[in-house]
$ cat structure-v7.cif   # mmCIF, C-alpha atoms (C1' of nucleotides)
data_input
loop_
_atom_site.label_atom_id
_atom_site.label_comp_id
_atom_site.auth_asym_id
_atom_site.auth_seq_id
_atom_site.Cartn_x
_atom_site.Cartn_y
_atom_site.Cartn_z
CA MET R 1229 37.56 18.92 3.64
CA LEU R 1230 35.66 16.23 1.78
CA ARG R 1231 38.80 14.80 0.21
CA ASP R 1232 40.51 14.73 3.57
CA ALA R 1233 37.72 12.51 4.78
CA ALA R 1234 38.15 10.18 1.78
CA LEU R 1235 34.80 11.19 0.37
CA ARG R 1236 33.96 11.95 -3.21
CA VAL R 1237 33.37 15.59 -3.99
CA THR R 1238 29.84 16.04 -5.26
CA ARG R 1239 27.54 18.96 -5.70
CA PRO R 1240 25.08 17.89 -2.98
CA ARG R 1241 27.86 17.36 -0.48
CA MET R 1242 29.49 20.70 -1.10
CA ALA R 1243 26.14 22.44 -0.93
CA VAL R 1244 25.18 20.78 2.35
CA LEU R 1245 28.55 21.50 3.92
CA ALA R 1246 28.38 25.14 2.87
CA ALA R 1247 24.79 25.45 4.06
CA VAL R 1248 25.54 24.17 7.54
CA HIS R 1249 28.63 26.35 7.78
CA ARG R 1250 26.59 29.42 6.96
CA HIS R 1251 23.55 28.44 9.04
CA PRO R 1252 24.56 26.77 12.27
CA HIS R 1253 21.78 24.91 14.11
CA ALA R 1254 19.76 24.45 10.93
CA ASP R 1255 17.37 21.54 10.86
CA THR R 1256 17.11 19.15 7.96
CA ASP R 1257 14.27 20.97 6.24
CA SER R 1258 16.12 24.26 6.34
CA VAL R 1259 19.22 22.61 4.95
CA ILE R 1260 17.18 21.16 2.09
CA GLU R 1261 15.71 24.57 1.38
CA ILE R 1262 19.06 26.36 1.43
CA VAL R 1263 20.74 23.73 -0.67
CA ARG R 1264 18.02 23.90 -3.32
CA ARG R 1265 18.14 27.67 -3.40
CA ASP R 1266 21.92 27.63 -3.86
CA SER R 1267 22.50 24.74 -6.18
CA GLY R 1268 19.27 23.71 -7.82
CA GLU R 1269 17.31 20.53 -7.43
CA VAL R 1270 18.58 18.02 -4.88
CA SER R 1271 16.53 15.18 -3.47
CA HIS R 1272 15.65 15.24 0.19
CA GLN R 1273 17.05 11.75 0.40
CA ALA R 1274 20.46 12.95 -0.75
CA VAL R 1275 20.47 15.62 1.95
CA TYR R 1276 19.55 13.13 4.66
CA ASP R 1277 22.23 10.81 3.37
CA VAL R 1278 24.91 13.47 3.14
CA LEU R 1279 24.10 14.79 6.60
CA ARG R 1280 24.49 11.32 8.02
CA THR R 1281 27.71 10.67 6.15
CA LEU R 1282 29.29 13.97 7.14
CA THR R 1283 28.22 13.48 10.73
CA GLY R 1284 29.75 10.03 10.62
CA VAL R 1285 33.17 11.26 9.54
CA GLY R 1286 33.06 14.12 12.01
CA LEU R 1287 32.72 17.07 9.65
CA LEU R 1288 29.34 17.92 11.14
CA ARG R 1289 27.75 17.45 14.51
CA ARG R 1290 24.16 16.45 14.98
CA PHE R 1291 22.22 17.42 18.07
CA GLN R 1292 18.61 17.39 19.01
CA PRO R 1293 17.22 19.36 21.94
CA GLU R 1294 14.15 17.71 23.33
CA GLY R 1295 11.01 18.77 21.53
CA SER R 1296 12.89 19.71 18.40
CA VAL R 1297 13.88 17.95 15.22
CA ALA R 1298 17.50 17.07 14.49
CA ARG R 1299 19.80 20.02 13.94
CA TYR R 1300 23.29 20.20 12.52
CA GLU R 1301 26.29 22.43 13.05
CA ALA R 1302 29.80 22.68 11.68
CA ARG R 1303 31.56 23.53 14.93
CA VAL R 1304 33.08 20.23 15.87
CA GLY R 1305 35.84 19.24 18.20
CA ASP R 1306 35.69 22.24 20.52
CA ASN R 1307 33.21 20.64 22.90
CA HIS R 1308 30.93 23.61 23.17
CA HIS R 1309 27.40 23.50 24.52
CA HIS R 1310 23.99 24.93 23.75
CA LEU R 1311 21.60 27.34 25.32
CA VAL R 1312 17.98 26.91 24.29
CA CYS R 1313 15.05 29.26 24.86
CA ARG R 1314 12.05 27.39 26.26
CA SER R 1315 9.69 29.90 24.71
CA CYS R 1316 10.78 30.42 21.15
CA GLY R 1317 13.34 27.67 20.68
CA ALA R 1318 16.21 29.98 19.78
CA ILE R 1319 19.59 28.35 20.17
CA VAL R 1320 22.96 29.93 20.86
CA ASP R 1321 26.36 28.38 21.40
CA VAL R 1322 28.05 28.46 24.76
CA ASP R 1323 31.77 27.92 24.94
CA CYS R 1324 32.90 25.22 27.26
CA ALA R 1325 34.89 26.61 30.15
CA VAL R 1326 37.24 23.66 30.09
CA GLY R 1327 37.53 23.11 26.37
CA GLU R 1328 38.13 19.39 26.34
CA ALA R 1329 35.73 16.50 26.66
CA PRO R 1330 34.58 15.45 29.14
CA CYS R 1331 34.44 18.86 30.73
CA LEU R 1332 32.58 17.59 33.76
CA THR R 1333 33.16 14.71 36.09
CA ALA R 1334 30.20 12.76 37.34
CA SER R 1335 29.77 12.46 41.08
CA ASP R 1336 29.45 8.71 40.62
CA ASP R 1337 30.28 7.07 37.31
CA SER R 1338 28.79 3.65 38.19
CA GLY R 1339 31.78 2.00 36.57
CA TYR R 1340 31.13 3.64 33.22
CA THR R 1341 33.90 5.03 31.05
CA ILE R 1342 32.80 8.59 30.45
CA GLU R 1343 33.81 10.11 27.14
CA GLU R 1344 31.79 13.26 26.95
CA ALA R 1345 29.48 15.47 28.92
CA GLU R 1346 26.77 17.10 26.86
CA VAL R 1347 25.21 20.14 28.43
CA ILE R 1348 22.02 21.85 27.39
CA TYR R 1349 21.11 25.03 29.21
CA TRP R 1350 17.40 25.75 29.26
CA GLY R 1351 16.12 29.24 29.80
CA ARG R 1352 14.60 32.23 28.10
CA CYS R 1353 16.10 34.46 25.49
CA PRO R 1354 16.18 38.22 26.16
CA THR R 1355 13.12 38.84 23.99
CA CYS R 1356 10.98 36.15 25.59
CA ALA R 1357 12.15 36.97 29.11
CA ARG R 1358 10.75 40.46 28.74
CA ARG R 1359 7.14 39.41 28.42
CA PRO R 1360 5.26 37.11 30.82
CA PRO R 1361 5.47 33.41 30.08
CA VAL R 1362 2.65 32.27 27.82
CA PRO R 1363 3.28 28.57 27.24
CA MET G 1232 -0.32 12.12 44.53
CA LEU G 1233 -2.92 12.43 41.81
CA ARG G 1234 -5.39 14.18 44.08
CA ASP G 1235 -2.73 16.62 45.20
CA ALA G 1236 -2.32 17.59 41.59
CA ALA G 1237 -6.08 18.12 41.22
CA LEU G 1238 -6.38 15.17 38.87
CA ARG G 1239 -9.04 12.51 38.88
CA VAL G 1240 -7.93 9.15 40.10
CA THR G 1241 -8.39 6.64 37.30
CA ARG G 1242 -7.12 3.19 36.64
CA PRO G 1243 -4.87 4.17 33.71
CA ARG G 1244 -3.30 6.98 35.70
CA MET G 1245 -2.55 4.88 38.72
CA ALA G 1246 -1.15 2.13 36.54
CA VAL G 1247 1.12 4.49 34.60
CA LEU G 1248 2.34 6.20 37.74
CA ALA G 1249 3.12 2.88 39.37
CA ALA G 1250 4.82 1.58 36.23
CA VAL G 1251 7.17 4.51 35.93
CA HIS G 1252 7.96 4.37 39.64
CA ARG G 1253 8.92 0.74 39.35
CA HIS G 1254 10.70 1.08 36.00
CA PRO G 1255 12.63 4.32 35.79
CA HIS G 1256 13.79 5.34 32.28
CA ALA G 1257 11.06 3.29 30.64
CA ASP G 1258 10.00 4.37 27.18
CA THR G 1259 6.41 4.73 26.13
CA ASP G 1260 6.12 1.26 24.64
CA SER G 1261 7.45 -0.37 27.79
CA VAL G 1262 5.04 1.64 29.89
CA ILE G 1263 2.15 0.49 27.73
CA GLU G 1264 3.29 -3.09 28.07
CA ILE G 1265 3.70 -2.93 31.85
CA VAL G 1266 0.41 -1.14 32.34
CA ARG G 1267 -1.45 -3.74 30.28
CA ARG G 1268 0.18 -6.59 32.13
CA ASP G 1269 -0.75 -5.08 35.48
CA SER G 1270 -4.20 -3.69 34.90
CA GLY G 1271 -5.65 -5.11 31.74
CA GLU G 1272 -6.50 -3.38 28.51
CA VAL G 1273 -5.60 0.28 28.24
CA SER G 1274 -5.39 2.18 24.97
CA HIS G 1275 -2.01 3.44 23.85
CA GLN G 1276 -3.61 6.82 23.46
CA ALA G 1277 -4.53 6.89 27.14
CA VAL G 1278 -0.94 6.13 28.11
CA TYR G 1279 0.42 8.87 25.88
CA ASP G 1280 -2.14 11.23 27.30
CA VAL G 1281 -1.50 10.30 30.91
CA LEU G 1282 2.27 10.57 30.46
CA ARG G 1283 1.85 14.04 29.08
CA THR G 1284 -0.53 15.11 31.80
CA LEU G 1285 1.64 13.77 34.61
CA THR G 1286 4.71 15.34 33.06
CA GLY G 1287 2.80 18.60 32.85
CA VAL G 1288 1.95 18.70 36.54
CA GLY G 1289 5.46 17.63 37.50
CA LEU G 1290 4.79 14.14 38.79
CA LEU G 1291 6.97 12.68 36.05
CA ARG G 1292 9.92 13.91 34.07
CA ARG G 1293 10.38 13.25 30.40
CA PHE G 1294 13.79 13.08 28.81
CA GLN G 1295 15.09 11.91 25.51
CA PRO G 1296 18.73 11.11 24.86
CA GLU G 1297 19.59 11.60 21.22
CA GLY G 1298 18.90 8.53 19.14
CA SER G 1299 16.35 7.22 21.60
CA VAL G 1300 12.64 7.54 22.03
CA ALA G 1301 11.13 9.54 24.88
CA ARG G 1302 11.69 8.09 28.33
CA TYR G 1303 10.04 8.87 31.64
CA GLU G 1304 11.11 8.77 35.25
CA ALA G 1305 9.56 9.52 38.60
CA ARG G 1306 12.55 11.21 40.21
CA VAL G 1307 11.65 14.84 39.91
CA GLY G 1308 12.89 17.95 41.60
CA ASP G 1309 16.30 16.68 42.61
CA ASN G 1310 17.98 17.87 39.41
CA HIS G 1311 19.88 14.70 38.75
CA HIS G 1312 21.48 13.80 35.45
CA HIS G 1313 21.94 10.80 33.21
CA LEU G 1314 24.76 8.62 32.06
CA VAL G 1315 24.14 6.80 28.80
CA CYS G 1316 26.11 3.94 27.26
CA ARG G 1317 26.90 4.63 23.60
CA SER G 1318 27.02 0.93 22.87
CA CYS G 1319 23.99 -0.62 24.45
CA GLY G 1320 21.96 2.41 25.47
CA ALA G 1321 21.84 1.56 29.18
CA ILE G 1322 20.97 4.54 31.34
CA VAL G 1323 21.85 5.22 34.96
CA ASP G 1324 21.16 8.19 37.16
CA VAL G 1325 23.91 10.49 38.33
CA ASP G 1326 23.31 12.69 41.30
CA CYS G 1327 23.94 16.34 40.80
CA ALA G 1328 26.85 17.56 42.84
CA VAL G 1329 25.12 20.85 43.55
CA GLY G 1330 21.56 19.63 43.94
CA GLU G 1331 19.72 22.70 42.74
CA ALA G 1332 19.01 23.91 39.25
CA PRO G 1333 20.86 25.33 37.47
CA CYS G 1334 23.85 23.44 38.77
CA LEU G 1335 26.17 24.99 36.22
CA THR G 1336 26.80 28.51 35.12
CA ALA G 1337 27.41 29.21 31.49
CA SER G 1338 30.60 30.97 30.53
CA ASP G 1339 28.52 33.44 28.53
CA ASP G 1340 24.76 33.52 28.89
CA SER G 1341 24.15 35.80 25.86
CA GLY G 1342 21.55 37.67 27.89
CA TYR G 1343 19.46 34.57 28.45
CA THR G 1344 17.82 33.78 31.76
CA ILE G 1345 19.09 30.30 32.53
CA GLU G 1346 16.74 28.09 34.49
CA GLU G 1347 18.29 24.69 34.22
CA ALA G 1348 21.37 22.87 33.02
CA GLU G 1349 20.66 19.44 31.64
CA VAL G 1350 23.66 17.17 31.54
CA ILE G 1351 23.99 13.91 29.65
CA TYR G 1352 27.16 11.96 30.13
CA TRP G 1353 28.05 9.72 27.19
CA GLY G 1354 30.31 6.75 27.65
CA ARG G 1355 30.42 2.99 27.90
CA CYS G 1356 28.95 0.79 30.55
CA PRO G 1357 31.24 -1.69 32.32
CA THR G 1358 30.05 -4.58 30.15
CA CYS G 1359 30.50 -2.79 26.84
CA ALA G 1360 33.81 -1.24 27.88
CA ARG G 1361 35.28 -4.68 28.34
CA ARG G 1362 35.03 -5.68 24.71
CA PRO G 1363 36.35 -3.65 21.74
CA PRO G 1364 33.96 -1.08 20.28
CA VAL G 1365 31.81 -2.59 17.53
CA PRO G 1366 29.51 0.19 16.32
"C1'" DC M 236 37.78 6.91 -22.55
"C1'" DT M 237 36.18 3.18 -20.10
"C1'" DT M 238 35.17 0.54 -16.12
"C1'" DG M 239 33.56 -0.03 -11.59
"C1'" DC M 240 31.93 1.41 -7.46
"C1'" DT M 241 30.03 5.17 -4.82
"C1'" DT M 242 26.48 8.31 -4.58
"C1'" DC M 243 22.00 10.33 -6.00
"C1'" DT M 244 16.93 9.94 -7.51
"C1'" DT M 245 12.43 8.23 -7.06
"C1'" DG M 246 8.92 6.44 -4.52
"C1'" DA M 247 7.38 3.52 -0.92
"C1'" DT M 248 7.49 2.54 3.96
"C1'" DC M 249 8.14 2.84 9.02
"C1'" DG M 250 7.13 4.32 13.60
"C1'" DA M 251 6.67 7.62 17.33
"C1'" DG M 252 3.52 10.68 18.39
"C1'" DT M 253 -0.85 13.55 17.68
"C1'" DC M 254 -5.74 14.81 16.36
"C1'" DA M 255 -10.72 14.30 16.56
"C1'" DA M 256 -15.26 12.48 17.73
"C1'" DG M 257 -17.93 10.09 20.64
"C1'" DG M 258 -18.67 7.03 24.65
"C1'" DT M 259 -17.54 6.21 29.79
"C1'" DA M 260 -16.80 6.96 34.48
"C1'" DA M 261 -15.00 9.94 38.53
"C1'" DT M 262 -16.56 13.57 41.32
"C1'" DG M 263 -19.61 16.62 44.13
"C1'" DG M 264 -24.17 18.60 45.10
"C1'" DG M 265 -28.67 17.24 46.23
"C1'" DC P 1373 -27.16 7.07 47.77
"C1'" DC P 1374 -28.14 8.95 43.20
"C1'" DC P 1375 -27.77 11.92 39.41
"C1'" DA P 1376 -25.71 15.50 36.49
"C1'" DT P 1377 -21.55 17.47 34.97
"C1'" DT P 1378 -17.45 17.28 32.75
"C1'" DA P 1379 -12.92 15.42 32.71
"C1'" DC P 1380 -11.11 11.39 30.85
"C1'" DC P 1381 -10.62 7.23 27.93
"C1'" DT P 1382 -11.39 4.47 23.46
"C1'" DT P 1383 -11.17 3.94 18.62
"C1'" DG P 1384 -9.28 4.86 14.42
"C1'" DA P 1385 -7.31 7.89 11.22
"C1'" DC P 1386 -3.50 10.75 10.37
"C1'" DT P 1387 0.99 13.65 10.48
"C1'" DC P 1388 5.74 14.11 9.91
"C1'" DG P 1389 10.62 13.13 10.45
"C1'" DA P 1390 13.36 9.72 9.03
"C1'" DT P 1391 14.72 5.36 6.66
"C1'" DC P 1392 14.71 1.53 3.13
"C1'" DA P 1393 15.15 -0.33 -1.63
"C1'" DA P 1394 16.06 -0.49 -6.50
"C1'" DG P 1395 17.79 1.45 -10.26
"C1'" DA P 1396 20.11 5.55 -12.70
"C1'" DA P 1397 23.81 8.78 -12.70
"C1'" DG P 1398 28.31 10.62 -11.71
"C1'" DC P 1399 32.99 10.53 -9.89
"C1'" DA P 1400 37.64 8.63 -9.97
"C1'" DA P 1401 41.37 5.23 -11.16
"C1'" DG P 1402 43.67 3.10 -14.91
#
$ encode --input "structure-v7.cif" --output "structure tokens"
Amino acid sequence: MLRDAALRVTRPRMAVLAAVHRHPHADTDSVIEIVRRDSGEVSHQAVYDVLRTLTGVGLLRRFQPEGSVARYEARVGDNHHHLVCRSCGAIVDVDCAVGEAPCLTASDDSGYTIEEAEVIYWGRCPTCARRPPVP
Amino acid sequence: MLRDAALRVTRPRMAVLAAVHRHPHADTDSVIEIVRRDSGEVSHQAVYDVLRTLTGVGLLRRFQPEGSVARYEARVGDNHHHLVCRSCGAIVDVDCAVGEAPCLTASDDSGYTIEEAEVIYWGRCPTCARRPPVP
DNA sequence: CTTGCTTCTTGATCGAGTCAAGGTAATGGG
DNA sequence: CCCATTACCTTGACTCGATCAAGAAGCAAG
């Protein structure tokens, strides 16, 4: 995958790529932790850098629900969406009914060229929905 | 409006409320600037605090497109969405076709109780679309 | 193997946002 | 109208995610 993107194959890059594949929706800190556990010492700077590079070439996708830090996932190109629990912050993927971007058309595009519609569903996960809201 | 929300009427609050009404999608720094221009010295802390309080009682809405700082708007309760230019960051409102939250149903809700679907359309504004992409 | 450029390490820095303590002023009862 | 109560604002320090910069290390082409 790295070679296909014309990138050099290095230990930090492989570790980050593997980490995000195995832990979708992981934030940067978690990625750092996983990478260090799996392949020894790696600087936090390298992880930040790799995440940005891989996001740039489209091997990873970065997203950031409001009130959360940046998170990364390896599912790219299928235009899926996210469902976030307001209580505990749990995130699950939601397939896009249409499958291609943009899956929605705006009622009025104001002359803009629309490339993508990003949808975030906000709600409560089964566990949090069971008990009364305590925010 | 403030009294209805059981809040004391103070100069910073009125100034912030007016500023956001007149400048939708303003970020915190802009709000601070506008407020100071209109009603003299106000601490940045007060503005942050007021923005949070007003957002809490529902007089303002906070949103934060990825790669941008927090922005505030006074249109609340009509469940409208946003259209953001990838090039220059311009933001315009898009009315929701349905009008009530959630305006979309997820293909698979994973057992979650969905309260709201937040949609961000990404594209290019008329001005940026005219010239070739230079990111 | 060597060269050259990309990538990683180390350590400092930035900036949005928050915390904490103490002073100030909006409200409501007298 | 005035005072007491308490919510609210000011000041200043601080947190934390993320980025910048300079130099060392490692990968790949010849």
$ closest_atom_pairs --input "structure-v7.cif" --of "chain G" --to "chain R" --cutoff "12 Å" --atoms "only C-alpha atoms" --output "CSV"
residue,atom,partner,partner_atom,distance
G:Gly1287,CA,R:Pro1363,CA,11.5
G:Arg1293,CA,R:Glu1294,CA,9.2
G:Phe1294,CA,R:Glu1294,CA,7.2
G:Gln1295,CA,R:Glu1294,CA,6.3
G:Pro1296,CA,R:Glu1294,CA,8.2
G:Glu1297,CA,R:Gln1292,CA,6.3
G:Gly1298,CA,R:Gln1292,CA,8.9
G:Ser1299,CA,R:Gln1292,CA,10.7
G:Val1300,CA,R:Glu1294,CA,10.4
G:Ala1301,CA,R:Glu1294,CA,8.8
G:Arg1302,CA,R:Glu1294,CA,11.1
G:His1311,CA,R:Ser1335,CA,10.4
G:His1312,CA,R:Ala1334,CA,9.0
G:His1313,CA,R:Ala1334,CA,9.4
G:Leu1314,CA,R:Asp1337,CA,7.8
G:Val1315,CA,R:Tyr1340,CA,8.9
G:Cys1316,CA,R:Tyr1340,CA,7.8
G:Arg1317,CA,R:Glu1343,CA,9.5
G:Ser1318,CA,R:Thr1341,CA,11.4
G:Ala1321,CA,R:Tyr1340,CA,10.3
G:Ile1322,CA,R:Tyr1340,CA,10.4
G:Val1323,CA,R:Ser1338,CA,7.8
G:Asp1324,CA,R:Ser1338,CA,8.9
G:Val1325,CA,R:Asp1336,CA,6.3
G:Asp1326,CA,R:Ser1335,CA,6.5
G:Cys1327,CA,R:Ser1335,CA,7.0
G:Ala1328,CA,R:Ser1335,CA,6.1
G:Val1329,CA,R:Ser1335,CA,9.9
G:Gly1330,CA,R:Ser1335,CA,11.3
G:Ala1332,CA,R:Trp1350,CA,10.3
G:Pro1333,CA,R:Tyr1349,CA,8.3
G:Cys1334,CA,R:Tyr1349,CA,10.1
G:Leu1335,CA,R:Tyr1349,CA,8.6
G:Thr1336,CA,R:Tyr1349,CA,8.9
G:Ala1337,CA,R:Val1322,CA,6.8
G:Ser1338,CA,R:Ala1325,CA,6.1
G:Asp1339,CA,R:Val1322,CA,6.3
G:Asp1340,CA,R:Val1322,CA,7.3
G:Ser1341,CA,R:Val1320,CA,7.8
G:Gly1342,CA,R:Pro1354,CA,5.7
G:Tyr1343,CA,R:Cys1353,CA,4.5
G:Thr1344,CA,R:Arg1352,CA,5.1
G:Ile1345,CA,R:Gly1351,CA,4.2
G:Glu1346,CA,R:Gly1351,CA,4.9
G:Glu1347,CA,R:Trp1350,CA,5.1
G:Ala1348,CA,R:Tyr1349,CA,4.4
G:Glu1349,CA,R:Ile1348,CA,5.1
G:Val1350,CA,R:Val1347,CA,4.6
G:Ile1351,CA,R:Glu1346,CA,5.1
G:Tyr1352,CA,R:Ala1345,CA,4.4
G:Trp1353,CA,R:Glu1344,CA,5.2
G:Gly1354,CA,R:Ile1342,CA,4.2
G:Arg1355,CA,R:Thr1341,CA,5.1
G:Cys1356,CA,R:Tyr1340,CA,4.5
G:Pro1357,CA,R:Tyr1340,CA,5.4
G:Thr1358,CA,R:Tyr1340,CA,8.8
G:Cys1359,CA,R:Tyr1340,CA,9.1
G:Ala1360,CA,R:Thr1341,CA,7.0
G:Arg1361,CA,R:Thr1341,CA,10.2
G:Pro1366,CA,R:Gly1284,CA,11.4
$ closest_atom_pairs --input "structure-v7.cif" --of "chain M" --to "chain R" --cutoff "12 Å" --atoms "all atoms listed in the file" --output "Markdown table"
| residue | atom | partner | partner_atom | distance |
| --- | --- | --- | --- | --- |
| M:DC240 | C1' | R:Arg1236 | CA | 11.5 |
| M:DT241 | C1' | R:Arg1236 | CA | 8.0 |
| M:DT242 | C1' | R:Arg1236 | CA | 8.4 |
| M:DC243 | C1' | R:Ala1274 | CA | 6.1 |
| M:DT244 | C1' | R:Ser1271 | CA | 6.6 |
| M:DT245 | C1' | R:Ser1271 | CA | 8.8 |
| M:DG246 | C1' | R:Gln1273 | CA | 10.9 |
| M:DG252 | C1' | R:Gly1295 | CA | 11.5 |
$ residues_around --input "structure-v7.cif" --residues "DT1378 (chain P)" --least-positions-apart "2" --cutoff "10 Å" --atoms "only C-alpha atoms (C1' of nucleotides)" --output "VMD selection string"
(chain M and resid 261 to 262) or (chain P and resid 1376 1380)
$ write_last_selection --input "structure-v7.cif" --atoms "C-alpha atoms (C1' of nucleotides)" --output "PDB file, in the coordinates of the input"
ATOM      1  C1'  DA M 261     -15.000   9.940  38.530  1.00  0.00           C
ATOM      2  C1'  DT M 262     -16.560  13.570  41.320  1.00  0.00           C
TER       3       DT M 262
ATOM      4  C1'  DA P1376     -25.710  15.500  36.490  1.00  0.00           C
ATOM      5  C1'  DC P1380     -11.110  11.390  30.850  1.00  0.00           C
TER       6       DC P1380
END
$ closest_residue --input "structure-v7.cif" --among "R:Asp1266, R:Val1248, R:Ala1243, R:Arg1280" --to "chain P" --atoms "only C-alpha atoms (C1' of nucleotides)"
R:Arg1280
$ closest_residue --input "structure-v7.cif" --among "M:DA247, M:DT259, M:DT253, M:DG239" --to "DC1388 (chain P)" --atoms "all atoms listed in the file"
M:DT253
$ resolve_selection --input "structure-v7.cif" --expression "the PyMOL selection byres ((chain P) within 9 of (chain G))" --output "ChimeraX atom specification"
/P:1379-1383
$ residues_around --input "structure-v7.cif" --residues "DC254 (chain M)" --least-positions-apart "6" --cutoff "12 Å" --atoms "only C-alpha atoms (C1' of nucleotides)" --output "PDB file with C-alpha atoms (C1' of nucleotides), in the frame of the given file"
ATOM      1  CA  GLN G1276      -3.610   6.820  23.460  1.00  0.00           C
TER       2      GLN G1276
ATOM      3  C1'  DG P1384      -9.280   4.860  14.420  1.00  0.00           C
ATOM      4  C1'  DA P1385      -7.310   7.890  11.220  1.00  0.00           C
ATOM      5  C1'  DC P1386      -3.500  10.750  10.370  1.00  0.00           C
ATOM      6  C1'  DT P1387       0.990  13.650  10.480  1.00  0.00           C
TER       7       DT P1387
END
$ atom_distance --input "structure-v7.cif" --atom1 "C1' of DA1400 (chain P)" --atom2 "CA of Asp1232 (chain R)"
15.1 Å
$ atom_distance --input "structure-v7.cif" --atom1 "CA of Val1307 (chain G)" --atom2 "CA of Met1232 (chain G)"
13.1 Å
$ build_atoms --input "structure-v7.cif" --residues "region 1266-1283 of chain R" --atoms "N, CA and C atoms" --output "short mmCIF file (atom, residue, chain, number, x, y, z; two decimals), in the coordinates of the input"
data_model
loop_
_atom_site.label_atom_id
_atom_site.label_comp_id
_atom_site.auth_asym_id
_atom_site.auth_seq_id
_atom_site.Cartn_x
_atom_site.Cartn_y
_atom_site.Cartn_z
N ASP R 1266 20.56 27.36 -3.41
CA ASP R 1266 21.92 27.63 -3.86
C ASP R 1266 22.35 26.80 -5.06
N SER R 1267 21.95 25.55 -5.09
CA SER R 1267 22.50 24.74 -6.18
C SER R 1267 21.46 23.88 -6.89
N GLY R 1268 20.27 24.41 -7.02
CA GLY R 1268 19.27 23.71 -7.82
C GLY R 1268 18.71 22.47 -7.16
N GLU R 1269 18.04 21.68 -7.95
CA GLU R 1269 17.31 20.53 -7.43
C GLU R 1269 18.23 19.47 -6.79
N VAL R 1270 17.90 19.12 -5.57
CA VAL R 1270 18.58 18.02 -4.88
C VAL R 1270 17.51 17.27 -4.11
N SER R 1271 17.57 15.96 -4.14
CA SER R 1271 16.53 15.18 -3.47
C SER R 1271 16.68 15.27 -1.95
N HIS R 1272 15.57 15.16 -1.26
CA HIS R 1272 15.65 15.24 0.19
C HIS R 1272 16.43 14.05 0.72
N GLN R 1273 16.33 12.94 -0.01
CA GLN R 1273 17.05 11.75 0.40
C GLN R 1273 18.56 11.99 0.38
N ALA R 1274 19.03 12.67 -0.64
CA ALA R 1274 20.46 12.95 -0.75
C ALA R 1274 20.91 13.79 0.45
N VAL R 1275 20.09 14.77 0.83
CA VAL R 1275 20.47 15.62 1.95
C VAL R 1275 20.54 14.80 3.24
N TYR R 1276 19.52 13.99 3.47
CA TYR R 1276 19.55 13.13 4.66
C TYR R 1276 20.80 12.27 4.66
N ASP R 1277 21.09 11.71 3.49
CA ASP R 1277 22.23 10.81 3.37
C ASP R 1277 23.53 11.54 3.62
N VAL R 1278 23.68 12.69 2.99
CA VAL R 1278 24.91 13.47 3.14
C VAL R 1278 25.08 13.90 4.59
N LEU R 1279 24.00 14.35 5.21
CA LEU R 1279 24.10 14.79 6.60
C LEU R 1279 24.59 13.64 7.47
N ARG R 1280 24.07 12.45 7.20
CA ARG R 1280 24.49 11.32 8.02
C ARG R 1280 25.95 10.96 7.75
N THR R 1281 26.32 10.98 6.48
CA THR R 1281 27.71 10.67 6.15
C THR R 1281 28.68 11.66 6.79
N LEU R 1282 28.38 12.94 6.61
CA LEU R 1282 29.29 13.97 7.14
C LEU R 1282 29.34 13.92 8.66
N THR R 1283 28.20 13.63 9.28
CA THR R 1283 28.22 13.48 10.73
C THR R 1283 29.08 12.30 11.12
#
